[in-house]
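S.K.: Please see the structure below; I have some questions.
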Amino acid sequence: MPMTRLPPEIRPVLEAGTPAVMVTCSADGKPNTTVISRVYYVDDAHAALSFQFFSKTIRNVRENPRAFVCIFDMPGQAHWALQLEFERSETEGPVFDAMDMQIEAIASMTGMSGIFKLRAADIYRVLSVERVQHPRWTGTEFTN
Amino acid sequence: MIPGKIVRFLDQYANVAFAGTRDGDLVPFGHRVCGWSVGADQRTMTILVPAEFLQRLVDSLHQNGELAVTVEAFPAHETYQFKGSYRHHREVQDGDAEIVDRIRRRFVKAVRPMSYDTEDALQAFVSPPALAVEFEVLEIYLQTPGPGAGTRLIPPVEA
């Protein structure tokens with residue numbers, strides 16, 4: 001059942017830093033998908049996404065603020081589906097500073113230093129969030 | 001037409017994919033893709049979608065036909081986005097599970113050396129297919145992180 005607040009159970013998944021996927025849509029109706037390095041918890045009603053270099057996504061949410069984000073919970077064999085709405089962009093402050101530091105850490109771990117660079121922290125309002133369990137892998141087969 | 005270099009990428013290296021659709025109110029929605037193949041004429045792709053990601057998929061495609069699919073070779077980060085028009089969908093058939101099994105093995109082999117996740121969690125990341133969607137590829141974009149990310153490759157941008 002979808003919720004309208006980020007539940008405590010999602011925080012470890014966000015903090016694990018698993019890459020997520022984002023879908024946006026332009027004003028003329030073209031969907032766009034992109035991999036994002038991380039989704040950041042701001043408070044139970046807001047999430048932040050990094051504005052680095054996915055320019056079509058950035059353009060899309062500024063003309064159509066709705067966005068979908070899928071965050072994978074690998075150990076839980078599940079995913080979280082978030083419906084979001086773009087609210088504002090921050091280029092300084094505690095959220096920006098925390099994201100900047102974490103992105104630099106991810107970049108250095110993945111050999112992408114100098115390529116991953118935070119331009120802004122985009123703040124989104126959470127419209128709905130839902131955890132979806134995947135079929136379980138038992139070692140030899142999937143079970144529901 | 002999908003260039004041979006990208007067909008080889010899809011057939012031999014890519015190991016994760018995700019599709020995006022939108023509804024009549026321009027609300028986007030996402031769908032994990034567990035397998036893919038390129039049509040013989042290199043103008044179409046068929047994507048395989050697990051049951052847990054079918055919500056809104058067929059309704060949106062019937063309504064407006066718009067589809068975007070990002071395919072990545074992880075951890076190298078080589079990534080392309082394919083945009084196009086829905087043609088049709090079908091139930092899974094003979095051969096689809098083998099495509100997904102091959103991609104699951106490729107994913108686990110690539111990620112295992114750098115992951116703290118269990119073997120079962122890695123295997124489970126690529127769920128079995130429940131539906132196949134064929135679409136005509138109209139545009140291809142480079143999405144590999146870096147200065148060229150977002151560049152349209154097909155059709156080529158005029159100089």
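Just so we're on the same page: first chain in the structure tokens is A, next is B, and so on; residues restart at 1 for each chain, and ligands are numbered from 1 in the order they show up.
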Based on only C-alpha atoms, which of the residues in chain B come within 8 Å of chain A? I want them as a PyMOL selection string.
M.R.: chain B and resi 18-22+26-30+52+66-70+81+117-118+120-125+127-128+143+145-146+149-150
S.K.: I'd like the neighbourhood of A:Val39 as a compact mmCIF listing (two decimals) with C-alpha atoms, in the first residue's frame, where a residue qualifies if any of its atoms comes within 7 Å (using only C-alpha atoms), though same-chain residues fewer than 4 positions away should be ignored.
M.R.:
# COMPACT_ATOMS: atom_id res chain seq x y z
CA LEU A 14 19.16 5.10 1.03
CA ALA A 47 14.21 13.56 -0.75
CA ALA A 48 17.17 15.19 -2.49
CA LEU A 49 18.72 14.15 -5.78
S.K.: As number ranges by chain, please: the residues near stretch 106-109 of chain B (cut-off 8 Å, only C-alpha atoms, same-chain neighbours under 3 positions excluded).
M.R.: B: 13, 15-16, 74, 102-103, 112-113, 119, 122-123
S.K.: Mind dumping the selected residues with C-alpha atoms as an mmCIF file, in the first residue's frame?
M.R.:
data_model
loop_
_atom_site.group_PDB
_atom_site.id
_atom_site.type_symbol
_atom_site.label_atom_id
_atom_site.label_comp_id
_atom_site.auth_asym_id
_atom_site.auth_seq_id
_atom_site.Cartn_x
_atom_site.Cartn_y
_atom_site.Cartn_z
ATOM 1 C CA TYR B 13 28.288 -6.525 -22.215
ATOM 2 C CA ASN B 15 23.830 -6.230 -17.648
ATOM 3 C CA VAL B 16 21.175 -3.855 -16.236
ATOM 4 C CA PHE B 74 27.923 -2.143 -14.754
ATOM 5 C CA ARG B 102 22.346 -15.187 -19.642
ATOM 6 C CA ILE B 103 22.003 -11.574 -18.452
ATOM 7 C CA ARG B 112 30.360 -10.173 -7.430
ATOM 8 C CA PRO B 113 33.977 -8.934 -7.065
ATOM 9 C CA GLU B 119 25.150 -14.630 -3.943
ATOM 10 C CA LEU B 122 22.795 -10.875 -6.604
ATOM 11 C CA GLN B 123 20.981 -13.703 -8.367
#
S.K.: Select, from B:Leu48, B:Lys5, B:Lys83, B:Glu91, the residue with the minimum atom-to-atom distance to B:Arg152, counting only C-alpha atoms.
M.R.: B:Lys83
S.K.: Please, which residues of stretch 21-118 of chain B, numbered as in this document, come out alpha helix (DSSP H) from DSSP, as a PyMOL selection string?
M.R.: chain B and resi 57-64+96-111
S.K.: With C-alpha atoms kept, could you save the residues just selected as an mmCIF file, in the first residue's frame?
M.R.:
data_model
loop_
_atom_site.group_PDB
_atom_site.id
_atom_site.type_symbol
_atom_site.label_atom_id
_atom_site.label_comp_id
_atom_site.auth_asym_id
_atom_site.auth_seq_id
_atom_site.Cartn_x
_atom_site.Cartn_y
_atom_site.Cartn_z
ATOM 1 C CA LEU B 57 3.034 -0.423 -18.194
ATOM 2 C CA VAL B 58 0.538 -1.754 -20.727
ATOM 3 C CA ASP B 59 -2.072 0.933 -19.997
ATOM 4 C CA SER B 60 0.472 3.704 -20.611
ATOM 5 C CA LEU B 61 1.832 2.089 -23.773
ATOM 6 C CA HIS B 62 -1.670 1.605 -25.189
ATOM 7 C CA GLN B 63 -2.522 5.185 -24.335
ATOM 8 C CA ASN B 64 0.469 6.994 -25.837
ATOM 9 C CA ASP B 96 12.933 -15.524 -23.151
ATOM 10 C CA ALA B 97 13.992 -17.215 -19.914
ATOM 11 C CA GLU B 98 17.328 -18.162 -21.512
ATOM 12 C CA ILE B 99 17.938 -14.519 -22.441
ATOM 13 C CA VAL B 100 17.316 -13.482 -18.839
ATOM 14 C CA ASP B 101 19.447 -16.324 -17.447
ATOM 15 C CA ARG B 102 22.346 -15.187 -19.642
ATOM 16 C CA ILE B 103 22.003 -11.574 -18.452
ATOM 17 C CA ARG B 104 21.711 -12.714 -14.815
ATOM 18 C CA ARG B 105 24.968 -14.670 -15.121
ATOM 19 C CA ARG B 106 26.638 -11.650 -16.758
ATOM 20 C CA PHE B 107 25.381 -9.321 -13.995
ATOM 21 C CA VAL B 108 26.459 -11.584 -11.130
ATOM 22 C CA LYS B 109 29.901 -12.158 -12.665
ATOM 23 C CA ALA B 110 30.442 -8.394 -13.080
ATOM 24 C CA VAL B 111 29.175 -7.313 -9.683
#
S.K.: I'd like to know which residues of stretch 85-141 of chain A are strand (DSSP E) (by DSSP, run on the backbone); could you write them as a list in words?
M.R.: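 Written out, the strand (DSSP E) residues of stretch 85-141 of chain A are Glu85, Phe86, Glu87, Arg88, Ser89, Glu90, Ala120, Ala121, Asp122, Ile123, Tyr124, Arg125, Val126, Leu127, Ser128, Val129, Glu130, Arg131, Val132, Gln133, Arg136 and Trp137 of chain A.
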S.K.: To one decimal place, how far is atom CA of A:Arg88 from atom CA of A:Tyr124 in Å?
M.R.: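 The value is 7.2 Å.
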S.K.: Atom CA of A:Asp44 to atom CA of A:Arg62: how many Å, to one decimal?
M.R.: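 Interatomic distance, atom CA of A:Asp44 to atom CA of A:Arg62: 22.8 Å.
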S.K.: Compare A:Val95, A:Val42, A:Met109, A:Val13 by their minimum atom-to-atom distance to A:Ala121, counting only C-alpha atoms, and give me the closest one.
M.R.: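 Result for the nearest residue to A:Ala121: A:Val95.
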S.K.: Could you work out how far atom CA of B:Ser37 lies from atom CA of B:Asp11, giving the answer in Å with one decimal?
M.R.: 7.4 Å
S.K.: If we count only C-alpha atoms, what is near A:Leu127 at a cut-off of 9 Å, once residues fewer than 2 positions away on the same chain are taken out, given as a list in words?
M.R.: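 The filter keeps Met3, Thr4, Arg5, Ala45, Leu82, Gln83, Leu84, Glu85, Arg125 and Val129 of chain A.
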S.K.: In terms of the shortest atom-to-atom distance over only C-alpha atoms, which of A:Ser50, A:Thr18, A:Asn144, A:Ser37 is closest to A:Asp97?
M.R.: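 Looking only at the distances to A:Asp97, the closest residue turns out to be A:Ser50.
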S.K.: Closest to A:Glu130 among A:Ala107, A:Ile36, A:Ile71, A:Ala98, using only C-alpha atoms?
M.R.: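 Checking each of A:Ala107, A:Ile36, A:Ile71, A:Ala98 against A:Glu130, counting only C-alpha atoms, the winner is A:Ile71.
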